[in-house]
Structures are given as structure tokens and as C-alpha cells.
Amino acid sequence: MGAIRSVAQSLDPAGEAVEEQNQTIETLATLAESKAEFFELSIRTSLQDAGGPGDLTVPIESVLDSVTETHAYSSKSADAIGTAVTKSLKAFCSGSQDEILGGVGSLISDGLATFLGDSSASDTTMKRYYILTEGYSIIRIDLCAWQYNVEAKGIQSIVEKVGAFVAVKSAVDMSKVKLNTFLNVYARQLATMPVDNGTVEAAIADAKRIHHEFLTTETTT
């Protein structure tokens with residue numbers, strides 16, 4: 001697993017088709033970067049409609065940050081992608097509770113492992129979103145992942161797939177989300193995490209506290 005353009009370092013410089021192989025690698029790198037740019041724009045655009053009549057996902061008030069990664073990998077190293085993306089997530093959401101962040105990271109890793117292990121299609125995309133608390137805020141993480149099976153025989157022995165991964169962090173618009181609706185989404189997510197009941201209860205208590213403090217602040221301002 002690694003940066004797509006670094007694959008060129010593994011090519012035989014004396015090989016007859018090295019120039020064509022380098023061009024193929026550059027094309028794959030450019031394609032992955034274009035996919036990542038499109039994903040970020042697509043996520044940001046869809047977030048504008050979140051919570052509206054045509055999109056009943058949790059609404060946001062502002063986009064806080066985003067992270068983009070592109071990788072080249074083989075089927076043997078696909079599991080490492082989930083680990084790398086989870087590591088980025090932990091840096092991305094450094095203010096979140098470790099156990100909850102770890103649980104979300106496991107959900108993402110497991111989802112990516114299943115997604116990246118699918119070899120039935122040559123060009124596939126995954127899109128999901130997650131909710132978690134971060135300090136005194138409730139945030140939404142939107143993730144888009146794309147993978148492409150490399151068919152160029154000249155480099156297939158070095159790289160089997162390339163992928164693009166984009167995550168966008170947003171602040172949830174609590175003025176538009178009733179506590180019951182939010183807890184329904186959050187609790188269902190927590191229930192799928194590899195965390196104990198005590199952690200789930202603590203996470204829900206945190207979410208309720210943040211929601212209550214938000215409403216109290218809104219009332220007094």
C-alpha cells in the first residue's frame with residue numbers, strides 16, 4: 001500500500017514498456033485525485049440539503065474540515081487501508097472520546113474491508129456518514145471511498161487496485177434536530193460498535209448533555 005505515483009519506483013527502468021507503464025501510473029493517479037475532488041464537492045453539495053424534504057439525514061450548520069487520501073494497493077494489503085483511514089480519522093477528530101472514536105474507526109475499517117474485498121466490479125464507490133460527539137459539539141463525518149481494479153498487465157503484478165478516500169467533518173445543526181431524532185440515529189450507530197454497554201450509555205448521556213446545553217444557551221441569548 002502506498003501513494004499511487006510511488007509505484008513507478010518498482011518498475012524495471014530498463015524494461016521495454018517502462019514509458020507506457022509510467023504513463024498508465026500517472027493516469028491512475030490523476031483519476032484517483034479527480035475522484036477525490038469530485039467526492040469532496042459532492043459531499044459538500046449534499047450537506048447543503050441535509051435535513052430537507054428530499055434528504056432526511058442529520059442536518060449540519062457548517063463544514064469544519066476535510067481530509068483526502070489516494071492509495072495504490074494489492075488484495076493482500078487492502079486491510080491496511082482501513083487502518084490508515086482510521087488513523088487519519090483519529091487525528092481528524094482529536095477532540096472526540098477515545099472509545100467512541102475507536103468504535104467509529106472500527107465501523108469504518110470493517111466497512112472498508114468488505115468494500116475493498118469486493119472484486120465483482122472494476123469500479124465501485126461507497127458512501128456513508130457517522131455521528132459522534134467532539135468536546136462540546138456534535139459532529140457528522142461523511143465518508144466516500146472509491147476503488148478501481150487495475151487491468152493494465154504491465155503493472156498488475158505491482159498494483160492491483162487504486163483508491164480514493166475522502167472524509168468531511170461538519171458541525172450538526174442542533175437547532176434543526178430534535179433530541180429524539182438525533183438519539184435514534186446515534187443509538188443505532190452505537191449499537192453496531194464494538195464497545196460495551198457502559199460506553200454506549202456514557203456516549204448517549206454526553207449527547208443529551210450537549211443537546212441540553214445548546215438549548216439552554218439558545219434560550220438565554
# chains A, B, ... in the order shown; residues from 1 in each chain; ligands from 1

$ residues_around --residues "range 38-50 of chain A" --least-positions-apart "3" --cutoff "12 Å" --atoms "only C-alpha atoms" --output "ChimeraX atom specification"
/A:31-35,53-69,125-129,140-146,164-173,176-177

$ residues_around --residues "range 189-198 of chain A" --least-positions-apart "2" --cutoff "8 Å" --atoms "only C-alpha atoms" --output "ChimeraX atom specification"
/A:99-100,103-104,106-107,130-131,185-187,200-202

$ select_by_dssp --residues "range 75-220 of chain A" --states "strand (DSSP E)" --output "mmCIF file with N, CA, C and O atoms, in the first residue's frame"
data_model
loop_
_atom_site.group_PDB
_atom_site.id
_atom_site.type_symbol
_atom_site.label_atom_id
_atom_site.label_comp_id
_atom_site.auth_asym_id
_atom_site.auth_seq_id
_atom_site.Cartn_x
_atom_site.Cartn_y
_atom_site.Cartn_z
ATOM 1 N N ASP A 123 -15.110 -0.943 -10.875
ATOM 2 C CA ASP A 123 -15.174 0.462 -10.471
ATOM 3 C C ASP A 123 -16.321 0.611 -9.479
ATOM 4 O O ASP A 123 -17.490 0.571 -9.860
ATOM 5 N N THR A 124 -16.000 0.751 -8.190
ATOM 6 C CA THR A 124 -17.051 0.769 -7.166
ATOM 7 C C THR A 124 -16.874 1.940 -6.199
ATOM 8 O O THR A 124 -15.758 2.414 -5.972
ATOM 9 N N THR A 125 -17.993 2.371 -5.623
ATOM 10 C CA THR A 125 -17.994 3.514 -4.715
ATOM 11 C C THR A 125 -18.795 3.182 -3.457
ATOM 12 O O THR A 125 -19.807 2.479 -3.518
ATOM 13 N N MET A 126 -18.347 3.686 -2.311
ATOM 14 C CA MET A 126 -19.058 3.528 -1.046
ATOM 15 C C MET A 126 -19.246 4.910 -0.435
ATOM 16 O O MET A 126 -18.334 5.733 -0.453
ATOM 17 N N LYS A 127 -20.443 5.175 0.104
ATOM 18 C CA LYS A 127 -20.711 6.458 0.748
ATOM 19 C C LYS A 127 -21.496 6.221 2.032
ATOM 20 O O LYS A 127 -22.552 5.588 2.005
ATOM 21 N N ARG A 128 -20.991 6.738 3.163
ATOM 22 C CA ARG A 128 -21.661 6.582 4.449
ATOM 23 C C ARG A 128 -21.401 7.812 5.317
ATOM 24 O O ARG A 128 -20.472 8.567 5.054
ATOM 25 N N TYR A 129 -22.232 7.957 6.364
ATOM 26 C CA TYR A 129 -21.942 9.029 7.309
ATOM 27 C C TYR A 129 -22.117 8.531 8.739
ATOM 28 O O TYR A 129 -22.836 7.570 9.000
ATOM 29 N N TYR A 130 -21.414 9.206 9.638
ATOM 30 C CA TYR A 130 -21.373 8.792 11.042
ATOM 31 C C TYR A 130 -21.570 10.026 11.926
ATOM 32 O O TYR A 130 -21.246 11.141 11.530
ATOM 33 N N ILE A 131 -22.092 9.797 13.131
ATOM 34 C CA ILE A 131 -22.332 10.873 14.095
ATOM 35 C C ILE A 131 -21.509 10.584 15.359
ATOM 36 O O ILE A 131 -21.468 9.444 15.822
ATOM 37 N N LEU A 132 -20.885 11.594 15.920
ATOM 38 C CA LEU A 132 -20.189 11.426 17.190
ATOM 39 C C LEU A 132 -20.045 12.769 17.901
ATOM 40 O O LEU A 132 -20.265 13.828 17.300
ATOM 41 N N THR A 133 -19.724 12.689 19.183
ATOM 42 C CA THR A 133 -19.522 13.914 19.955
ATOM 43 C C THR A 133 -18.043 14.276 19.911
ATOM 44 O O THR A 133 -17.170 13.401 19.875
ATOM 45 N N GLU A 134 -17.772 15.556 19.930
ATOM 46 C CA GLU A 134 -16.395 16.045 19.948
ATOM 47 C C GLU A 134 -16.346 17.249 20.883
ATOM 48 O O GLU A 134 -16.813 18.333 20.530
ATOM 49 N N SER A 137 -19.364 19.633 21.194
ATOM 50 C CA SER A 137 -20.095 19.665 19.923
ATOM 51 C C SER A 137 -20.545 18.269 19.508
ATOM 52 O O SER A 137 -20.019 17.260 19.984
ATOM 53 N N ILE A 138 -21.523 18.243 18.628
ATOM 54 C CA ILE A 138 -21.927 17.005 17.973
ATOM 55 C C ILE A 138 -21.590 17.173 16.499
ATOM 56 O O ILE A 138 -21.967 18.164 15.873
ATOM 57 N N ILE A 139 -20.837 16.222 15.968
ATOM 58 C CA ILE A 139 -20.351 16.361 14.596
ATOM 59 C C ILE A 139 -20.817 15.205 13.713
ATOM 60 O O ILE A 139 -21.215 14.144 14.199
ATOM 61 N N ARG A 140 -20.739 15.463 12.436
ATOM 62 C CA ARG A 140 -21.100 14.466 11.426
ATOM 63 C C ARG A 140 -19.875 14.242 10.547
ATOM 64 O O ARG A 140 -19.224 15.200 10.110
ATOM 65 N N ILE A 141 -19.542 12.969 10.295
ATOM 66 C CA ILE A 141 -18.441 12.611 9.414
ATOM 67 C C ILE A 141 -19.011 11.916 8.185
ATOM 68 O O ILE A 141 -19.659 10.880 8.293
ATOM 69 N N ASP A 142 -18.795 12.513 7.016
ATOM 70 C CA ASP A 142 -19.208 11.893 5.757
ATOM 71 C C ASP A 142 -17.994 11.279 5.085
ATOM 72 O O ASP A 142 -16.960 11.937 4.920
ATOM 73 N N LEU A 143 -18.122 10.022 4.698
ATOM 74 C CA LEU A 143 -17.015 9.301 4.075
ATOM 75 C C LEU A 143 -17.410 8.801 2.691
ATOM 76 O O LEU A 143 -18.486 8.214 2.521
ATOM 77 N N CYS A 144 -16.551 9.046 1.719
ATOM 78 C CA CYS A 144 -16.713 8.490 0.383
ATOM 79 C C CYS A 144 -15.454 7.711 0.032
ATOM 80 O O CYS A 144 -14.335 8.199 0.266
ATOM 81 N N ALA A 145 -15.628 6.512 -0.496
ATOM 82 C CA ALA A 145 -14.486 5.693 -0.903
ATOM 83 C C ALA A 145 -14.722 5.164 -2.313
ATOM 84 O O ALA A 145 -15.852 4.847 -2.682
ATOM 85 N N TRP A 146 -13.664 5.092 -3.074
ATOM 86 C CA TRP A 146 -13.727 4.595 -4.452
ATOM 87 C C TRP A 146 -12.541 3.682 -4.705
ATOM 88 O O TRP A 146 -11.442 3.928 -4.208
ATOM 89 N N GLN A 147 -12.784 2.591 -5.433
ATOM 90 C CA GLN A 147 -11.677 1.723 -5.825
ATOM 91 C C GLN A 147 -11.823 1.303 -7.279
ATOM 92 O O GLN A 147 -12.942 1.210 -7.815
ATOM 93 N N TYR A 148 -10.691 1.073 -7.889
ATOM 94 C CA TYR A 148 -10.654 0.699 -9.304
ATOM 95 C C TYR A 148 -9.682 -0.462 -9.466
ATOM 96 O O TYR A 148 -8.536 -0.395 -9.013
ATOM 97 N N ASN A 149 -10.151 -1.540 -10.096
ATOM 98 C CA ASN A 149 -9.298 -2.696 -10.351
ATOM 99 C C ASN A 149 -8.408 -2.422 -11.561
ATOM 100 O O ASN A 149 -8.914 -2.162 -12.660
ATOM 101 N N LYS A 161 -5.050 -2.546 -7.364
ATOM 102 C CA LYS A 161 -6.150 -1.598 -7.232
ATOM 103 C C LYS A 161 -5.618 -0.214 -6.872
ATOM 104 O O LYS A 161 -4.545 -0.082 -6.275
ATOM 105 N N VAL A 162 -6.401 0.810 -7.228
ATOM 106 C CA VAL A 162 -6.138 2.158 -6.732
ATOM 107 C C VAL A 162 -7.430 2.651 -6.097
ATOM 108 O O VAL A 162 -8.531 2.203 -6.453
ATOM 109 N N GLY A 163 -7.302 3.562 -5.138
ATOM 110 C CA GLY A 163 -8.495 4.043 -4.450
ATOM 111 C C GLY A 163 -8.367 5.481 -4.016
ATOM 112 O O GLY A 163 -7.259 6.022 -3.896
ATOM 113 N N ALA A 164 -9.511 6.107 -3.795
ATOM 114 C CA ALA A 164 -9.578 7.478 -3.282
ATOM 115 C C ALA A 164 -10.517 7.473 -2.085
ATOM 116 O O ALA A 164 -11.568 6.821 -2.117
ATOM 117 N N PHE A 165 -10.136 8.199 -1.043
ATOM 118 C CA PHE A 165 -10.902 8.225 0.201
ATOM 119 C C PHE A 165 -11.011 9.667 0.685
ATOM 120 O O PHE A 165 -10.004 10.353 0.827
ATOM 121 N N VAL A 166 -12.252 10.109 0.915
ATOM 122 C CA VAL A 166 -12.499 11.490 1.346
ATOM 123 C C VAL A 166 -13.409 11.478 2.568
ATOM 124 O O VAL A 166 -14.430 10.788 2.582
ATOM 125 N N ALA A 167 -13.035 12.234 3.589
ATOM 126 C CA ALA A 167 -13.881 12.399 4.778
ATOM 127 C C ALA A 167 -14.087 13.887 5.012
ATOM 128 O O ALA A 167 -13.143 14.674 4.921
ATOM 129 N N VAL A 168 -15.328 14.270 5.300
ATOM 130 C CA VAL A 168 -15.667 15.666 5.572
ATOM 131 C C VAL A 168 -16.307 15.737 6.951
ATOM 132 O O VAL A 168 -17.251 14.998 7.245
ATOM 133 N N LYS A 169 -15.779 16.612 7.808
ATOM 134 C CA LYS A 169 -16.306 16.791 9.168
ATOM 135 C C LYS A 169 -17.157 18.052 9.223
ATOM 136 O O LYS A 169 -16.723 19.118 8.785
ATOM 137 N N SER A 170 -18.358 17.921 9.777
ATOM 138 C CA SER A 170 -19.286 19.057 9.875
ATOM 139 C C SER A 170 -19.873 19.150 11.278
ATOM 140 O O SER A 170 -19.968 18.152 11.996
ATOM 141 N N ALA A 171 -20.269 20.354 11.657
ATOM 142 C CA ALA A 171 -20.964 20.565 12.930
ATOM 143 C C ALA A 171 -22.454 20.365 12.696
ATOM 144 O O ALA A 171 -23.040 20.951 11.776
ATOM 145 N N VAL A 172 -23.090 19.513 13.509
ATOM 146 C CA VAL A 172 -24.528 19.256 13.378
ATOM 147 C C VAL A 172 -25.305 20.505 13.786
ATOM 148 O O VAL A 172 -24.966 21.176 14.759
#

$ atom_distance --atom1 "CA of Arg5 in chain A" --atom2 "CA of Thr30 in chain A"
9.4 Å

$ select_by_dssp --residues "range 57-147 of chain A" --states "alpha helix (DSSP H)" --output "ChimeraX atom specification"
/A:78-92,98-116

$ closest_residue --among "A:Ser96, A:Ser6, A:Ser109, A:Thr217" --to "Met174 in chain A" --atoms "only C-alpha atoms"
A:Thr217

$ residues_around --residues "Val18 in chain A" --least-positions-apart "4" --cutoff "12 Å" --atoms "only C-alpha atoms" --output "number ranges by chain"
A: 7-14, 22-25, 154-155

$ write_last_selection --atoms "all heavy atoms" --output "tab-separated table (two decimals), in the first residue's frame"
chain	number	residue	atom	x	y	z
A	7	VAL	N	4.47	3.86	-7.19
A	7	VAL	CA	4.51	2.55	-7.85
A	7	VAL	C	5.58	2.54	-8.94
A	7	VAL	O	6.22	1.52	-9.21
A	7	VAL	CB	3.14	2.19	-8.46
A	7	VAL	CG1	3.21	0.93	-9.30
A	7	VAL	CG2	2.11	2.02	-7.34
A	8	ALA	N	5.81	3.69	-9.56
A	8	ALA	CA	6.78	3.80	-10.65
A	8	ALA	C	8.19	3.41	-10.19
A	8	ALA	O	9.01	2.96	-11.00
A	8	ALA	CB	6.78	5.22	-11.21
A	9	GLN	N	8.47	3.55	-8.91
A	9	GLN	CA	9.79	3.21	-8.38
A	9	GLN	C	10.06	1.72	-8.43
A	9	GLN	O	11.21	1.28	-8.35
A	9	GLN	CB	9.91	3.72	-6.94
A	9	GLN	CG	9.79	5.23	-6.81
A	9	GLN	CD	9.72	5.68	-5.35
A	9	GLN	OE1	9.93	4.90	-4.43
A	9	GLN	NE2	9.43	6.95	-5.15
A	10	SER	N	8.99	0.92	-8.55
A	10	SER	CA	9.14	-0.54	-8.58
A	10	SER	C	9.28	-1.08	-10.00
A	10	SER	O	9.49	-2.28	-10.18
A	10	SER	CB	7.94	-1.21	-7.90
A	10	SER	OG	7.80	-0.77	-6.58
A	11	LEU	N	9.18	-0.21	-10.98
A	11	LEU	CA	9.28	-0.65	-12.37
A	11	LEU	C	10.74	-0.89	-12.76
A	11	LEU	O	11.65	-0.26	-12.21
A	11	LEU	CB	8.67	0.40	-13.31
A	11	LEU	CG	7.18	0.72	-13.13
A	11	LEU	CD1	6.77	1.85	-14.06
A	11	LEU	CD2	6.33	-0.52	-13.39
A	12	ASP	N	10.92	-1.77	-13.71
A	12	ASP	CA	12.27	-2.03	-14.25
A	12	ASP	C	12.63	-0.89	-15.20
A	12	ASP	O	12.03	-0.78	-16.27
A	12	ASP	CB	12.28	-3.37	-14.99
A	12	ASP	CG	13.65	-3.70	-15.59
A	12	ASP	OD1	14.60	-2.91	-15.37
A	12	ASP	OD2	13.76	-4.73	-16.27
A	13	PRO	N	13.60	-0.03	-14.84
A	13	PRO	CA	13.91	1.11	-15.70
A	13	PRO	C	14.44	0.71	-17.07
A	13	PRO	O	14.42	1.52	-18.02
A	13	PRO	CB	14.99	1.85	-14.89
A	13	PRO	CG	15.58	0.83	-13.99
A	13	PRO	CD	14.45	-0.09	-13.65
A	14	ALA	N	14.89	-0.53	-17.18
A	14	ALA	CA	15.41	-0.99	-18.47
A	14	ALA	C	14.35	-1.73	-19.27
A	14	ALA	O	14.62	-2.20	-20.39
A	14	ALA	CB	16.62	-1.90	-18.24
A	22	ASN	N	4.76	3.96	-16.94
A	22	ASN	CA	4.77	5.21	-16.19
A	22	ASN	C	3.57	6.08	-16.53
A	22	ASN	O	2.98	6.73	-15.67
A	22	ASN	CB	6.06	5.98	-16.47
A	22	ASN	CG	7.20	5.57	-15.55
A	22	ASN	OD1	7.01	5.41	-14.36
A	22	ASN	ND2	8.37	5.38	-16.11
A	23	GLN	N	3.22	6.09	-17.79
A	23	GLN	CA	2.07	6.87	-18.24
A	23	GLN	C	0.78	6.31	-17.66
A	23	GLN	O	-0.11	7.07	-17.25
A	23	GLN	CB	1.99	6.88	-19.78
A	23	GLN	CG	0.92	7.80	-20.32
A	23	GLN	CD	0.96	7.90	-21.85
A	23	GLN	OE1	1.84	7.34	-22.50
A	23	GLN	NE2	0.00	8.61	-22.41
A	24	THR	N	0.68	4.99	-17.60
A	24	THR	CA	-0.50	4.35	-17.01
A	24	THR	C	-0.63	4.70	-15.53
A	24	THR	O	-1.72	5.02	-15.04
A	24	THR	CB	-0.42	2.81	-17.16
A	24	THR	OG1	-0.35	2.48	-18.55
A	24	THR	CG2	-1.63	2.14	-16.53
A	25	ILE	N	0.50	4.67	-14.83
A	25	ILE	CA	0.50	5.01	-13.40
A	25	ILE	C	0.08	6.45	-13.19
A	25	ILE	O	-0.71	6.77	-12.30
A	25	ILE	CB	1.89	4.75	-12.79
A	25	ILE	CG1	2.17	3.25	-12.76
A	25	ILE	CG2	1.99	5.34	-11.37
A	25	ILE	CD1	3.61	2.89	-12.46
A	154	GLY	N	0.93	-4.74	-17.56
A	154	GLY	CA	2.30	-4.34	-17.30
A	154	GLY	C	2.57	-3.97	-15.86
A	154	GLY	O	3.71	-4.07	-15.39
A	155	ILE	N	1.54	-3.55	-15.12
A	155	ILE	CA	1.76	-3.13	-13.72
A	155	ILE	C	0.90	-3.92	-12.74
A	155	ILE	O	0.96	-3.68	-11.54
A	155	ILE	CB	1.49	-1.62	-13.55
A	155	ILE	CG1	0.02	-1.28	-13.87
A	155	ILE	CG2	2.44	-0.79	-14.39
A	155	ILE	CD1	-0.35	0.14	-13.51
